[in-house]
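A.B. asks: Before I ask anything, here is the structure I am working with.
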Amino acid sequence: MTTLQLFLRGLLLQAGWNRERMQALGFAFALLPLADGREREARAEFVRRHLGYVSTSPALSGVLLGVVASEEERLLAQGASAEEAAARVAAAKRQLEGPLAALGDRTFWGWLRPLAGVAGAYLLLVQAGVVALAGPIPESVGHHAAMASVLLVLGFYNGPYLAIRWLGTRRGLAGGGDAAAALSGAGGPLGLTRLNALFQILGPIVVGALAGRLIDLARIGATGGGAVAGVALVVAGLLVGAGASCWGQPPERVALALIAFLLLAAGGVG
Amino acid sequence: MDGTALALVVLGAVIALDQMSVAQLQLGHPLVAGTLAGALAGNAVEGALVGALLGLILAGHRPVGGVIPPDGGPAAVVAAASLARAERASLAGSSGEALALALGVGLVLAMIGQATESWTRSRNLLLVRRAEANATTGAVRVAVVAALVLAAFRGALTVAAALPVATAVVGRGVNGAGPAPAVVLAIVGGVGLSAQRRLLGPRRRLGLALALLGAAISFVLGSAALGGPGGAR
């Protein structure tokens, strides 16, 4: 099975996600070319063993798919029994899925995705926000600013995401089914350790920059209230959000309550 | 249904697919989805503003383990498009009340979408069991296609059903006398920023120092770009 084939099919890993089997359907689908050419009963066994529970980080799933694909090819070449194949595949999955999920979810869902969103919002407000609040936005300026923000979010996230997904698939396939080697390679050689260290510097700076931009905007738009009103509004939002999260309230509920308050304070809707 | 609405429904389907089922390339990130929907509906910036705020507020949710997060992508499409369409219909400029209403619509829809997504995913289990019972490669392929169709249909239906209602609701605020857009941005943005606490990193003091550095640089650059503090406004 080629790296490109496994990479592309692996993009459907989450297609049939459900709480009982998690990514089983997508996992089995990615490996289907390996079932072709087998006897009918062997094919059925192959499908059954890959429709079992599996759950890992989509970003690092290439490593797991590569290791299991490589292991399947080896088992076929050795003429292993269905029971032996099932046991070895299950062992590889068990060994890899948890650690890869922890590493990948932290890096991509915990750092990269929110950071991309904050950076995109910052770029948008730098380019178009001031104009939007001071008067009508010249259409070309606003459109370009919005599209630049979209490109920043997509590029910032998908650059590392797709590169690591591809490299992980290649590494997993090249390892000859060695789960331990693939796992030890996920942090260093794939660059995740350095990426995490970089995010720990970039994250706070970008969050702070967005706070500064919001304050700057609010002091223009807060009907002449000036810098103090801008700082007060942003800090009030920060404190309300942080305070509510201490009480276990999700941010969307807090934001909804604040929006309702703002509308009621302004005299109601309609 | 007019051509723009049809395009928005198709966008909803594509975004629902990308958000959970295919590749996860962040087309479903609210900033991206909102901007694309706003551009289709005639105002990319309004769409981007709504999407950026929704993205900040919902960023604390992560689809890890068995968690299904709020449905930010299709919700951003509806919120952004309803704001752009309502403002186009009235020929009025940006209003804080309309922005707040669009955000409220988006947040409510994201929570409803979380429930419908959960239902869709429970249907997927039936598809997996059927494929397992047949135990053929063809059955796996059919199950994958069925799961993708179901996800796309959910996204399309969300946009098709919610867009007319959302446009009517947001339209009521277009000419309203609510808070200035900047006030909504600042206070709701502050709540969204509070959801990014994780981005301060494990070393909180260093993180706060770096955040203050970022805020100072941003503030100074922003003022300089506008001709000095308090500048050409």
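Order determines the names: the first chain of the structure tokens is A, the second B, and so forth; residues in each chain are numbered 1 upward, and ligands are numbered 1 upward as they are shown.
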If we count only C-alpha atoms, what is near Gly201 (chain B) at a cut-off of 10 Å, once residues fewer than 2 positions away on the same chain are taken out, given as a tab-separated table (two decimals) with C-alpha atoms, in the first residue's frame?

C.D. replies:
```tsv
chain	number	residue	atom	x	y	z
A	111	TRP	CA	-2.81	24.69	20.72
A	196	ASN	CA	4.70	22.67	21.25
A	197	ALA	CA	7.63	24.75	22.55
A	199	PHE	CA	3.31	27.54	20.68
A	200	GLN	CA	4.13	28.22	24.32
A	201	ILE	CA	5.84	31.44	23.21
A	202	LEU	CA	3.46	32.38	20.38
A	203	GLY	CA	0.22	31.62	22.25
A	204	PRO	CA	0.43	34.28	24.98
B	196	GLN	CA	-8.21	30.90	25.57
B	197	ARG	CA	-6.56	30.64	28.97
B	198	ARG	CA	-4.86	27.45	27.88
B	199	LEU	CA	-2.91	29.47	25.31
B	203	ARG	CA	4.17	28.60	32.98
B	204	ARG	CA	1.54	31.17	33.89
B	205	ARG	CA	3.83	34.03	34.95
B	206	LEU	CA	5.88	33.83	31.77
B	207	GLY	CA	2.65	33.48	29.78
B	208	LEU	CA	1.13	36.58	31.36
```

A.B. asks: Residues of region 11-238 of chain A classed as helix (DSSP H, G or I) by DSSP on the backbone are to be reported as an NGL selection string.

C.D. replies: :A and (24-34 or 40-50 or 58-78 or 82-134 or 139-174 or 179-187 or 192-221 or 226-238)

A.B. asks: Mind listing as a ChimeraX atom specification which residues of chain A are within 6 Å of chain B, counting only C-alpha atoms?

C.D. replies: /A:11-12,14-16,18-19,44,47-48,114,121,142-143,146,150,200,203-205,208-209,212,214,218,221-222,233-234,237-238,241-242,251-252,256,259,266,270

A.B. asks: Just the number, please: distance in Å from CA of Ala145 (chain A) to CA of Val50 (chain B), one decimal.

C.D. replies: 14.2 Å

A.B. asks: Using only C-alpha atoms, which of the listed residues (A:His50, A:Arg165, A:Arg170, A:Arg113) sits closest to Leu152 (chain A)?

C.D. replies: A:Arg113

A.B. asks: So, with only C-alpha atoms as the atoms that count, which of A:Ala119, A:Val126, A:Leu190, A:Ala85 lies closest to Trp166 (chain A)?

C.D. replies: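 Using only C-alpha atoms, the shortest distance to Trp166 (chain A) belongs to A:Leu190.
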
A.B. asks: I'd like the neighbourhood of Ala28 (chain A) as a short mmCIF file (atom, residue, chain, number, x, y, z; two decimals) with C-alpha atoms, in the first residue's frame, where a residue qualifies if any of its atoms comes within 7 Å (using only C-alpha atoms), though same-chain residues fewer than 3 positions away should be ignored.

C.D. replies:
```cif
data_model
loop_
_atom_site.label_atom_id
_atom_site.label_comp_id
_atom_site.auth_asym_id
_atom_site.auth_seq_id
_atom_site.Cartn_x
_atom_site.Cartn_y
_atom_site.Cartn_z
CA ALA A 24 -13.59 2.04 13.38
CA LEU A 25 -15.46 2.52 10.08
CA LEU A 31 -7.06 -0.29 5.00
CA LEU A 32 -9.50 -1.90 2.53
CA VAL A 47 -13.12 -6.49 7.79
CA HIS A 50 -10.72 -3.59 11.67
CA LEU A 51 -14.30 -2.67 12.56
#
```

A.B. asks: Could you check which of A:Leu4, A:Ala182, A:Val254, A:Cys246 is closest to Pro99 (chain A), using only C-alpha atoms?

C.D. replies: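 Using only C-alpha atoms, the shortest distance to Pro99 (chain A) belongs to A:Ala182.
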
A.B. asks: Find the spatial neighbours of Leu103 (chain A), counting only C-alpha atoms, within a cut-off of 12 Å - ignore same-chain residues fewer than 2 positions away - and output them as an MDAnalysis selection string.

C.D. replies: (chainID A and resid 56:61 96:101 105:111 183:188 190:193 195:196) or (chainID B and resid 64)
